[in-house]
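Have a look at coords-v7.csv below; it lists CSV, C-alpha atoms and all ligand atoms.
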chain,number,residue,atom,x,y,z
A,29,MET,CA,-19.0,-11.6,28.2
A,30,GLN,CA,-16.5,-14.1,26.8
A,31,ILE,CA,-13.6,-12.8,24.8
A,32,GLN,CA,-14.2,-13.6,21.1
A,33,PRO,CA,-11.8,-13.3,18.2
A,34,ARG,CA,-12.2,-9.7,16.9
A,35,VAL,CA,-10.2,-7.6,14.6
A,36,PHE,CA,-9.6,-3.8,15.1
A,37,SER,CA,-7.4,-1.4,13.2
A,38,GLY,CA,-7.4,2.2,12.1
A,39,MET,CA,-5.7,4.9,10.1
A,40,GLN,CA,-5.3,8.6,10.6
A,41,PRO,CA,-7.2,11.1,8.4
A,42,THR,CA,-4.1,13.2,7.8
A,43,GLY,CA,-3.4,13.7,4.1
A,44,SER,CA,-4.2,11.1,1.5
A,45,LEU,CA,-3.5,7.4,2.0
A,46,HIS,CA,-0.5,5.9,0.1
A,47,LEU,CA,0.8,2.6,-1.1
A,48,GLY,CA,2.4,1.9,2.3
A,49,ASN,CA,-0.9,2.1,4.0
A,50,TYR,CA,-2.5,-0.1,1.4
A,51,LEU,CA,0.2,-2.8,1.2
A,52,GLY,CA,1.3,-2.6,4.8
A,53,ALA,CA,-2.1,-2.8,6.5
A,54,MET,CA,-5.2,-2.6,4.3
A,55,VAL,CA,-4.5,-5.7,2.2
A,56,ASN,CA,-4.6,-7.7,5.5
A,57,TRP,CA,-7.7,-5.9,6.6
A,58,ILE,CA,-9.5,-6.9,3.4
A,59,GLU,CA,-8.4,-10.5,3.8
A,60,MET,CA,-9.4,-10.8,7.5
A,61,GLN,CA,-13.0,-9.7,6.6
A,62,LYS,CA,-13.4,-13.2,5.2
A,63,THR,CA,-12.7,-14.9,8.5
A,64,HIS,CA,-13.3,-12.5,11.3
A,65,ASP,CA,-15.6,-9.9,12.8
A,66,CYS,CA,-13.7,-6.7,11.9
A,67,ILE,CA,-13.9,-3.1,13.1
A,68,TYR,CA,-12.0,-0.5,11.0
A,69,CYS,CA,-11.8,3.0,12.3
A,70,VAL,CA,-10.8,6.4,10.9
A,71,VAL,CA,-8.9,7.7,13.9
A,72,ASP,CA,-9.7,11.4,14.0
A,73,LEU,CA,-8.9,11.8,17.7
A,74,HIS,CA,-5.4,10.6,16.9
A,75,ALA,CA,-5.2,13.1,14.0
A,76,ILE,CA,-5.6,16.1,16.2
A,77,THR,CA,-2.5,15.2,18.2
A,78,VAL,CA,-0.8,17.5,15.6
A,79,TRP,CA,-2.5,20.6,14.2
A,80,GLN,CA,-5.2,19.9,11.6
A,81,ASP,CA,-7.1,22.5,9.7
A,82,PRO,CA,-10.8,21.8,10.7
A,83,VAL,CA,-12.1,22.1,7.1
A,84,GLU,CA,-9.4,19.8,5.8
A,85,LEU,CA,-9.9,17.3,8.6
A,86,LYS,CA,-13.5,16.8,7.8
A,87,SER,CA,-12.7,16.2,4.2
A,88,ALA,CA,-9.9,13.8,5.0
A,89,ILE,CA,-12.2,11.7,7.3
A,90,ARG,CA,-14.6,11.3,4.3
A,91,GLN,CA,-11.7,10.6,1.9
A,92,VAL,CA,-10.2,7.9,4.1
A,93,THR,CA,-13.6,6.3,4.5
A,94,ALA,CA,-14.1,6.4,0.7
A,95,THR,CA,-10.7,4.8,0.2
A,96,TYR,CA,-11.6,2.0,2.7
A,97,ILE,CA,-14.7,1.2,0.8
A,98,ALA,CA,-13.0,1.5,-2.6
A,99,ALA,CA,-10.2,-0.8,-1.6
A,100,GLY,CA,-12.7,-3.5,-0.7
A,101,LEU,CA,-13.8,-3.0,2.9
A,102,ASP,CA,-17.5,-3.8,3.0
A,103,PRO,CA,-19.5,-1.6,5.3
A,104,LYS,CA,-22.3,-4.1,5.6
A,105,LYS,CA,-19.9,-6.9,6.8
A,106,SER,CA,-17.3,-4.9,8.7
A,107,ILE,CA,-17.9,-1.9,11.0
A,108,LEU,CA,-16.5,1.3,9.4
A,109,PHE,CA,-16.7,4.4,11.5
A,110,ASN,CA,-14.8,7.4,12.8
A,111,GLN,CA,-13.4,7.4,16.3
A,112,SER,CA,-14.8,10.6,17.7
A,113,GLN,CA,-18.4,9.4,17.2
A,114,VAL,CA,-17.9,6.7,19.9
A,115,SER,CA,-17.2,8.2,23.3
A,116,ALA,CA,-15.8,4.9,24.7
A,117,HIS,CA,-12.5,5.6,23.0
A,118,ALA,CA,-11.8,8.8,24.9
A,119,GLU,CA,-13.3,7.5,28.1
A,120,LEU,CA,-11.1,4.3,28.2
A,121,ALA,CA,-8.1,6.3,27.1
A,122,TRP,CA,-8.4,8.4,30.3
A,123,VAL,CA,-8.5,5.2,32.4
A,124,PHE,CA,-5.4,4.0,30.5
A,125,ASN,CA,-3.6,7.3,31.1
A,126,CYS,CA,-3.9,6.3,34.7
A,127,VAL,CA,-2.7,2.7,34.1
A,128,ALA,CA,0.3,3.3,31.8
A,129,ARG,CA,3.5,4.6,33.3
A,130,LEU,CA,5.5,7.6,32.2
A,131,GLY,CA,8.5,5.4,31.7
A,132,TRP,CA,6.7,3.2,29.2
A,133,LEU,CA,5.7,6.2,27.1
A,134,ASN,CA,9.2,7.7,27.3
A,135,ARG,CA,10.4,4.7,25.3
A,136,MET,CA,8.1,5.3,22.3
A,137,THR,CA,10.2,5.9,19.3
A,138,GLN,CA,7.4,7.4,17.2
A,139,PHE,CA,6.8,10.2,19.7
A,140,LYS,CA,10.5,11.0,19.6
A,141,GLU,CA,10.4,11.1,15.8
A,142,LYS,CA,7.2,13.1,15.6
A,143,ALA,CA,8.0,15.6,18.4
A,144,GLY,CA,11.4,16.3,16.9
A,145,LYS,CA,13.9,18.6,18.6
A,146,ASP,CA,11.3,20.9,20.2
A,147,ARG,CA,9.7,18.4,22.5
A,148,GLU,CA,8.4,21.0,24.9
A,149,GLN,CA,6.1,22.3,22.1
A,150,ALA,CA,4.6,18.9,21.3
A,151,SER,CA,1.0,18.4,22.5
A,152,VAL,CA,0.2,16.3,25.5
A,153,GLY,CA,-2.0,14.3,23.2
A,154,LEU,CA,0.9,13.3,21.0
A,155,TYR,CA,2.7,12.0,24.0
A,156,ALA,CA,-0.4,10.0,25.3
A,157,TYR,CA,-1.2,8.8,21.8
A,158,PRO,CA,-0.3,5.2,22.4
A,159,ASN,CA,-2.7,5.0,25.4
A,160,LEU,CA,-5.6,6.1,23.1
A,161,MET,CA,-4.5,3.5,20.6
A,162,ALA,CA,-4.7,0.8,23.3
A,163,ALA,CA,-8.2,2.1,24.2
A,164,ASP,CA,-9.3,1.9,20.6
A,165,ILE,CA,-8.4,-1.8,20.5
A,166,LEU,CA,-9.5,-2.8,24.0
A,167,ALA,CA,-12.8,-0.9,24.0
A,168,TYR,CA,-13.9,-3.8,21.8
A,169,ARG,CA,-11.7,-6.4,23.6
A,170,ALA,CA,-10.2,-7.0,20.1
A,171,THR,CA,-7.8,-9.8,19.8
A,172,HIS,CA,-6.1,-9.2,16.4
A,173,VAL,CA,-4.6,-5.9,15.1
A,174,PRO,CA,-3.4,-5.9,11.5
A,175,VAL,CA,-0.9,-3.0,11.1
A,176,GLY,CA,2.4,-2.1,9.4
A,177,GLU,CA,5.8,-2.8,11.0
A,178,ASP,CA,6.0,0.8,12.5
A,179,GLN,CA,3.1,0.1,14.9
A,180,LYS,CA,4.8,-2.9,16.6
A,181,GLN,CA,6.0,-0.9,19.6
A,182,HIS,CA,2.6,0.7,20.2
A,183,LEU,CA,1.0,-2.8,20.1
A,184,GLU,CA,3.4,-4.0,22.7
A,185,LEU,CA,2.4,-1.1,24.9
A,186,ALA,CA,-1.3,-2.0,24.4
A,187,ARG,CA,-0.5,-5.5,25.6
A,188,ASP,CA,1.3,-4.1,28.7
A,189,ILE,CA,-1.6,-1.9,29.5
A,190,ALA,CA,-4.1,-4.8,29.2
A,191,GLN,CA,-1.9,-6.9,31.5
A,192,LYS,CA,-1.4,-4.2,34.1
A,193,PHE,CA,-5.2,-3.4,34.1
A,194,ASN,CA,-5.9,-7.1,34.7
A,195,ASN,CA,-3.3,-7.3,37.5
A,196,ASP,CA,-4.2,-4.0,39.2
A,197,PHE,CA,-7.9,-4.9,39.3
A,198,GLY,CA,-7.5,-8.7,39.5
A,199,LYS,CA,-9.7,-9.0,42.6
A,200,GLU,CA,-12.5,-6.8,41.2
A,201,ILE,CA,-12.4,-8.5,37.8
A,202,VAL,CA,-13.1,-11.8,39.5
A,203,GLU,CA,-15.8,-10.2,41.7
A,204,HIS,CA,-17.5,-8.9,38.5
A,205,GLY,CA,-17.8,-12.4,37.1
A,206,PHE,CA,-14.6,-13.0,35.2
A,207,ALA,CA,-13.5,-16.1,37.0
A,208,ASP,CA,-10.1,-16.4,35.3
A,209,GLY,CA,-9.3,-12.8,36.2
A,210,ILE,CA,-8.8,-11.8,32.6
A,211,PHE,CA,-10.9,-8.8,31.5
A,212,PHE,CA,-8.8,-7.5,28.6
A,213,PRO,CA,-7.2,-9.9,26.1
A,214,GLN,CA,-3.6,-9.5,24.9
A,215,PRO,CA,-4.1,-8.1,21.4
A,216,GLU,CA,-2.0,-9.8,18.8
A,217,PRO,CA,-0.2,-7.8,16.1
A,218,VAL,CA,-0.8,-9.1,12.6
A,219,ILE,CA,2.2,-7.9,10.7
A,220,THR,CA,2.5,-10.1,7.6
A,221,GLY,CA,3.0,-10.0,3.8
A,222,PRO,CA,5.8,-8.9,1.6
A,223,ALA,CA,5.4,-5.2,2.3
A,224,THR,CA,5.1,-4.6,6.0
A,225,ARG,CA,7.4,-1.7,5.6
A,226,VAL,CA,7.2,0.1,2.3
A,227,MET,CA,10.1,2.5,1.8
A,228,SER,CA,10.3,6.0,0.2
A,229,LEU,CA,10.8,6.0,-3.5
A,230,ARG,CA,13.4,8.6,-3.1
A,231,ASP,CA,15.4,7.1,-0.2
A,232,GLY,CA,15.4,3.3,0.5
A,233,SER,CA,16.4,4.0,4.2
A,234,LYS,CA,13.2,6.0,5.0
A,235,LYS,CA,9.7,4.6,5.2
A,236,MET,CA,7.0,5.9,2.8
A,237,SER,CA,5.1,8.4,4.8
A,238,LYS,CA,2.3,11.0,4.4
A,239,SER,CA,4.5,13.6,6.0
A,240,ASP,CA,7.5,13.4,3.7
A,241,PRO,CA,7.8,16.8,2.1
A,242,SER,CA,8.6,15.3,-1.3
A,243,ASP,CA,5.4,14.0,-3.1
A,244,LEU,CA,7.7,12.0,-5.4
A,245,SER,CA,8.6,9.8,-2.3
A,246,ARG,CA,5.2,8.1,-2.3
A,247,ILE,CA,2.4,6.8,-4.5
A,248,ASN,CA,-0.9,8.2,-3.2
A,249,ILE,CA,-4.0,6.1,-3.7
A,250,MET,CA,-5.6,9.2,-5.3
A,251,ASP,CA,-2.7,9.8,-7.8
A,252,ASP,CA,-3.7,9.4,-11.5
A,253,ALA,CA,-2.1,6.9,-13.8
A,254,ASP,CA,0.4,9.4,-15.3
A,255,THR,CA,1.5,10.5,-11.9
A,256,ILE,CA,2.0,7.0,-10.7
A,257,ALA,CA,4.0,6.1,-13.8
A,258,LYS,CA,6.2,9.2,-13.5
A,259,LYS,CA,6.9,8.6,-9.8
A,260,ILE,CA,8.0,5.0,-10.5
A,261,GLN,CA,10.1,6.1,-13.4
A,262,LYS,CA,11.8,8.7,-11.2
A,263,ALA,CA,12.2,6.2,-8.2
A,264,LYS,CA,15.8,6.0,-7.0
A,265,THR,CA,17.7,2.9,-8.0
A,266,ASP,CA,21.3,1.9,-8.4
A,267,PRO,CA,23.2,1.3,-11.7
A,268,GLU,CA,23.4,-2.5,-11.3
A,269,PRO,CA,20.8,-4.8,-12.9
A,270,LEU,CA,18.2,-6.5,-10.7
A,271,PRO,CA,19.7,-9.3,-8.5
A,272,ALA,CA,19.0,-13.0,-9.2
A,273,ASP,CA,18.1,-13.9,-5.6
A,274,LYS,CA,17.3,-12.2,-2.3
A,275,ASP,CA,20.9,-12.3,-1.1
A,276,GLY,CA,21.6,-9.8,-3.9
A,277,PHE,CA,19.6,-7.2,-2.0
A,278,ALA,CA,22.4,-6.6,0.5
A,279,GLY,CA,23.2,-2.9,0.5
A,280,ARG,CA,20.5,-2.3,-2.1
A,281,PRO,CA,17.4,-1.1,-0.2
A,282,GLU,CA,15.9,0.7,-3.2
A,283,ALA,CA,16.0,-2.5,-5.3
A,284,GLU,CA,14.6,-4.5,-2.5
A,285,ASN,CA,11.7,-2.0,-2.0
A,286,LEU,CA,10.6,-1.9,-5.6
A,287,VAL,CA,10.7,-5.7,-5.9
A,288,GLY,CA,8.8,-6.0,-2.7
A,289,ILE,CA,6.1,-3.6,-3.9
A,290,TYR,CA,5.8,-5.5,-7.2
A,291,ALA,CA,5.5,-8.8,-5.3
A,292,ALA,CA,2.9,-7.4,-3.0
A,293,LEU,CA,0.8,-5.9,-5.8
A,294,THR,CA,0.8,-9.1,-7.9
A,295,GLY,CA,0.6,-11.6,-5.0
A,296,GLU,CA,3.7,-13.3,-6.4
A,297,PRO,CA,6.6,-14.4,-4.1
A,298,VAL,CA,9.7,-12.2,-4.3
A,299,GLU,CA,11.7,-15.3,-5.6
A,300,LYS,CA,9.4,-15.5,-8.6
A,301,VAL,CA,9.8,-11.8,-9.4
A,302,LEU,CA,13.5,-12.2,-9.2
A,303,GLY,CA,13.4,-15.3,-11.4
A,304,ASP,CA,11.6,-13.3,-14.0
A,305,TYR,CA,13.5,-10.0,-13.8
A,306,GLY,CA,16.9,-10.9,-12.2
A,307,GLY,CA,19.8,-9.8,-14.4
A,308,GLN,CA,17.6,-7.2,-16.3
A,309,GLN,CA,18.0,-3.4,-16.1
A,310,PHE,CA,15.6,-1.4,-13.9
A,311,SER,CA,14.1,0.4,-16.9
A,312,ALA,CA,12.2,-2.7,-18.1
A,313,PHE,CA,11.2,-3.7,-14.5
A,314,LYS,CA,10.0,-0.2,-13.8
A,315,LYS,CA,7.7,-0.3,-16.8
A,316,ALA,CA,6.1,-3.5,-15.6
A,317,LEU,CA,5.8,-2.1,-12.0
A,318,ALA,CA,4.1,1.0,-13.3
A,319,GLU,CA,1.6,-1.1,-15.1
A,320,VAL,CA,0.6,-3.2,-12.1
A,321,ALA,CA,0.6,-0.2,-9.8
A,322,THR,CA,-1.6,2.0,-12.1
A,323,GLU,CA,-4.0,-1.0,-12.6
A,324,LYS,CA,-4.4,-1.7,-8.8
A,325,VAL,CA,-4.0,1.7,-7.2
A,326,GLY,CA,-5.7,3.6,-10.1
A,327,ARG,CA,-8.8,1.5,-9.8
A,328,ILE,CA,-9.1,2.1,-6.1
A,329,GLY,CA,-8.4,5.9,-6.5
A,330,ASP,CA,-11.0,6.2,-9.2
A,331,GLU,CA,-13.6,4.4,-7.1
A,332,ALA,CA,-12.8,6.5,-4.0
A,333,LYS,CA,-13.2,9.7,-6.1
A,334,ARG,CA,-16.5,8.5,-7.3
A,335,LEU,CA,-17.7,7.8,-3.7
A,336,MET,CA,-16.5,11.3,-2.7
A,337,ASP,CA,-19.1,12.8,-5.0
A,338,ASP,CA,-21.7,11.8,-2.5
A,339,PRO,CA,-20.5,12.9,0.9
A,340,ALA,CA,-23.9,12.4,2.5
A,341,GLU,CA,-23.7,8.7,1.7
A,342,ILE,CA,-20.3,8.5,3.3
A,343,ASP,CA,-21.6,10.2,6.4
A,344,ARG,CA,-24.4,7.7,6.5
A,345,VAL,CA,-21.9,4.8,6.4
A,346,LEU,CA,-20.0,6.4,9.3
A,347,ALA,CA,-23.2,7.0,11.3
A,348,ASP,CA,-24.3,3.4,10.9
A,349,GLY,CA,-20.8,2.0,11.7
A,350,SER,CA,-20.6,4.3,14.8
A,351,ALA,CA,-24.0,3.0,16.1
A,352,ARG,CA,-22.9,-0.6,15.7
A,353,ALA,CA,-19.5,0.2,17.3
A,354,ARG,CA,-21.3,1.8,20.3
A,355,VAL,CA,-23.4,-1.4,20.8
A,356,ILE,CA,-20.2,-3.4,21.4
A,357,ALA,CA,-18.2,-0.8,23.3
A,358,ALA,CA,-20.8,0.5,25.7
A,359,PRO,CA,-21.3,-2.7,27.8
A,360,ILE,CA,-17.5,-3.2,28.0
A,361,MET,CA,-17.1,0.4,29.1
A,362,ASP,CA,-19.8,-0.1,31.8
A,363,LYS,CA,-17.9,-3.1,33.1
A,364,VAL,CA,-14.7,-1.0,33.2
A,365,LYS,CA,-16.5,1.6,35.3
A,366,ASP,CA,-17.8,-1.1,37.7
A,367,ILE,CA,-14.3,-2.7,38.0
A,368,VAL,CA,-12.5,0.6,38.6
A,369,GLY,CA,-15.1,1.6,41.3
A,370,PHE,CA,-17.1,4.4,39.7
A,371,VAL,CA,-20.7,4.9,40.6
A,372,ARG,CA,-23.0,4.8,37.7
A,373,SER,CA,-26.8,5.0,37.4
B,1,LIG,P1,-0.9,6.0,9.5
B,1,LIG,O1,-0.7,6.5,8.1
B,1,LIG,O2,0.2,6.3,10.3
B,1,LIG,O3,-2.3,6.3,10.0
B,1,LIG,O4,-0.8,4.4,9.3
B,1,LIG,C1,-1.9,3.6,9.0
B,1,LIG,C2,-1.4,2.1,8.8
B,1,LIG,O5,-0.6,2.0,7.7
B,1,LIG,C3,-0.7,1.5,10.0
B,1,LIG,O6,-1.0,0.2,10.2
B,1,LIG,C4,0.8,1.7,9.6
B,1,LIG,O7,1.6,0.7,10.2
B,1,LIG,C5,0.7,1.4,8.1
B,1,LIG,N1,1.8,2.1,7.4
B,1,LIG,C6,2.0,3.4,7.3
B,1,LIG,N2,3.1,3.7,6.5
B,1,LIG,C7,3.6,2.4,6.1
B,1,LIG,C8,4.7,2.0,5.3
B,1,LIG,N3,5.5,2.9,4.8
B,1,LIG,N4,4.8,0.7,5.1
B,1,LIG,C9,3.9,-0.2,5.6
B,1,LIG,N5,2.9,0.1,6.4
B,1,LIG,C10,2.7,1.4,6.6
B,2,LIG,N1,-1.4,4.6,15.4
B,2,LIG,C1,-1.8,4.0,14.2
B,2,LIG,C2,-1.0,4.6,13.0
B,2,LIG,O1,-0.6,5.7,13.0
B,2,LIG,C3,-3.3,4.3,13.9
B,2,LIG,C4,-4.1,3.6,15.0
B,2,LIG,C5,-4.8,4.3,16.0
B,2,LIG,C6,-4.4,2.3,15.2
B,2,LIG,N2,-5.5,3.4,16.7
B,2,LIG,C7,-5.2,2.2,16.3
B,2,LIG,C8,-4.0,1.1,14.5
B,2,LIG,C9,-5.7,0.9,16.8
B,2,LIG,C10,-4.4,-0.1,15.0
B,2,LIG,C11,-5.2,-0.2,16.1
B,2,LIG,O2,-0.8,4.0,12.1

Rewrite the structure of this file - the entire thing - as structure tokens.
Amino acid sequence: MQIQPRVFSGMQPTGSLHLGNYLGAMVNWIEMQKTHDCIYCVVDLHAITVWQDPVELKSAIRQVTATYIAAGLDPKKSILFNQSQVSAHAELAWVFNCVARLGWLNRMTQFKEKAGKDREQASVGLYAYPNLMAADILAYRATHVPVGEDQKQHLELARDIAQKFNNDFGKEIVEHGFADGIFFPQPEPVITGPATRVMSLRDGSKKMSKSDPSDLSRINIMDDADTIAKKIQKAKTDPEPLPADKDGFAGRPEAENLVGIYAALTGEPVEKVLGDYGGQQFSAFKKALAEVATEKVGRIGDEAKRLMDDPAEIDRVLADGSARARVIAAPIMDKVKDIVGFVRS
């Protein structure tokens, strides 16, 4: 049971995916398929840490899966599945609930943001959410985790949990045949590209998010071409023309965001985009941006909608992916039980 390079990542089936999800994470997922064994999960257990309508949840799980496939994730090559179909996630999360310390979780900024002022009313699951995320990754002993910037702190916690487990059970880990005393690897965050933090189209200081009440703040993968063009046209900017170089972004987060999105969508460096559009008014640039965005996002959305017409086929992909995921996670979970000292038959 040697540790092999393996990629794991996931997204929550809460609302529709947006340009931030695609550029911040999924572009790297697609790229890493070429070089790595990859496991991509629809994290439905994470979704219910805040209330989800059961009928909508089921549909959102299928919609995220359809979007994964439409964006270019290949269910034959990579494993695509939903978390609740593989029991190792919940089982390992419980063990990690007993490894992680309250003090570690108390530092998580995402919990503070999501719980808001009325923290007493937040679910226990929302608080323990990062432990489940660590379990997702480590149930496969995954080594690389492509995510957006906002997940950095959770990844650091996963690394701390892996290390504490290895330390706490060091003697048992060696006794069970891992001579170097390392059972869990330290999973590496992969946070790269020109758009690791895509900002709201309405406010350059807030990240683009599914939960923003204004739909104008984000481009959803499922938006049609007219909607995408309208949202870009209405995107907040300032009265100055586009800057000629990156230094000109100082104090202009909206300009930086739109140029970053353009660069990410076209694969061009930000310098090249500024070389082409620096000194021009936003109106011309926005037209060009709307064109590339409708082309890329529109194509993915159309394909996802087509796939959604056959939910039985999506469910079949998830069943197949879950079976393949179980094959990897089950022996790892068995070892965890041995190491911790559980009796199993
Ligand atoms: P979530 O929508 O919270 O399930 O996030 C799924 C993935 O998308 C994670 O890897 C996030 O880091 C990434 N992500 C979400 N919002 C953004 C954003 N505005 N910019 C870049 N990446 C994002
Ligand atoms: N917490 C991540 C998010 O909201 C989703 C997620 C759950 C995840 N488990 C994961 C990402 C494991 C990477 C690896 O974006």

Checklist entry - Near Ile89 of chain A, counting only C-alpha atoms, which residues have an atom at most 8 Å away, once you skip same-chain residues fewer than 2 positions from it, shown as a list in words? => result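 Near neighbours after the sequence-gap exclusion: Pro41, Val70, Asp72, Leu85, Lys86, Ser87, Gln91, Val92, Thr93 and Asn110 of chain A.
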
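In this model, the gap between atom O2 of ligand LIG 1 (chain B) and atom CA of Leu45 of chain A comes to 9.2 Å.
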
Excluding Gly38 of chain A and any residue of its chain fewer than 6 positions from it, enumerate the residues within 10 Å of it, using all atoms listed in the file, and give them as a short mmCIF file (atom, residue, chain, number, x, y, z; two decimals) with C-alpha atoms, in the frame of the given file.
data_model
loop_
_atom_site.label_atom_id
_atom_site.label_comp_id
_atom_site.auth_asym_id
_atom_site.auth_seq_id
_atom_site.Cartn_x
_atom_site.Cartn_y
_atom_site.Cartn_z
CA ALA A 53 -2.10 -2.80 6.50
CA MET A 54 -5.20 -2.60 4.30
CA TRP A 57 -7.70 -5.90 6.60
CA ILE A 67 -13.90 -3.10 13.10
CA TYR A 68 -12.00 -0.50 11.00
CA CYS A 69 -11.80 3.00 12.30
CA VAL A 70 -10.80 6.40 10.90
CA VAL A 71 -8.90 7.70 13.90
CA ASP A 72 -9.70 11.40 14.00
CA HIS A 74 -5.40 10.60 16.90
CA LEU A 108 -16.50 1.30 9.40
CA PHE A 109 -16.70 4.40 11.50
CA ASN A 110 -14.80 7.40 12.80
CA GLN A 111 -13.40 7.40 16.30
CA MET A 161 -4.50 3.50 20.60
CA ASP A 164 -9.30 1.90 20.60
CA ILE A 165 -8.40 -1.80 20.50
CA VAL A 173 -4.60 -5.90 15.10
CA PRO A 174 -3.40 -5.90 11.50
CA VAL A 175 -0.90 -3.00 11.10
#

Next on the checklist: Within 9 Å of ligand LIG 1 (chain B) (counting all atoms listed in the file), which residues show up? I'd like them as a PyMOL selection string.
Outcome noted: chain A and resi 37-54+70-71+74-75+173-180+219+223-228+234-238+246

Item to check | Top pick for closest residue to Glu216 of chain A, considering A:Ala353, A:Ala162, A:Leu120, A:Ala291 and counting only C-alpha atoms | outcome: A:Ala162

Checklist outcome for this item: For Pro267 of chain A, the closest of A:Val55, A:Gln309, A:Val301, A:Leu244 counting all atoms listed in the file is A:Gln309

Proximity check segment 192-306 of chain A to segment 315-338 of chain A, 6 Å, nearest pairs one decimal Å, all atoms listed in the file, as CSV:
residue,atom,partner,partner_atom,distance
A:Ile249,CA,A:Gly329,CA,5.2
A:Met250,CA,A:Gly329,CA,4.5
A:Ala253,CA,A:Thr322,CA,5.2
A:Ala257,CA,A:Ala318,CA,5.1
A:Tyr290,CA,A:Leu317,CA,5.9

Reconstruct all heavy atoms of segment 159-164 of chain A; output as a CSV table (one decimal), in the frame of the given file.
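In the end it all went to rebuild.csv:
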chain,number,residue,atom,x,y,z
A,159,ASN,N,-1.7,5.4,24.4
A,159,ASN,CA,-2.7,5.0,25.4
A,159,ASN,C,-4.1,5.0,24.7
A,159,ASN,O,-4.9,4.2,24.9
A,159,ASN,CB,-2.8,5.9,26.6
A,159,ASN,CG,-1.5,5.9,27.4
A,159,ASN,OD1,-0.7,4.9,27.2
A,159,ASN,ND2,-1.3,6.8,28.3
A,160,LEU,N,-4.3,6.1,23.9
A,160,LEU,CA,-5.6,6.1,23.1
A,160,LEU,C,-5.7,5.0,22.1
A,160,LEU,O,-6.7,4.4,21.9
A,160,LEU,CB,-5.7,7.5,22.3
A,160,LEU,CG,-6.9,7.7,21.4
A,160,LEU,CD1,-8.2,7.6,22.2
A,160,LEU,CD2,-6.8,9.0,20.7
A,161,MET,N,-4.5,4.6,21.5
A,161,MET,CA,-4.5,3.5,20.6
A,161,MET,C,-4.9,2.2,21.3
A,161,MET,O,-5.6,1.3,20.8
A,161,MET,CB,-3.2,3.4,19.9
A,161,MET,CG,-3.0,2.3,19.0
A,161,MET,SD,-1.6,2.5,17.8
A,161,MET,CE,-1.4,0.8,17.3
A,162,ALA,N,-4.4,2.0,22.5
A,162,ALA,CA,-4.7,0.8,23.3
A,162,ALA,C,-6.2,0.8,23.6
A,162,ALA,O,-6.9,-0.2,23.6
A,162,ALA,CB,-3.9,0.8,24.6
A,163,ALA,N,-6.7,2.0,23.9
A,163,ALA,CA,-8.2,2.1,24.2
A,163,ALA,C,-9.0,1.8,23.0
A,163,ALA,O,-10.0,1.1,23.1
A,163,ALA,CB,-8.5,3.5,24.7
A,164,ASP,N,-8.6,2.2,21.8
A,164,ASP,CA,-9.3,1.9,20.6
A,164,ASP,C,-9.5,0.3,20.5
A,164,ASP,O,-10.6,-0.1,20.2
A,164,ASP,CB,-8.5,2.3,19.3
A,164,ASP,CG,-8.2,3.7,19.2
A,164,ASP,OD1,-9.0,4.5,19.9
A,164,ASP,OD2,-7.3,4.1,18.5
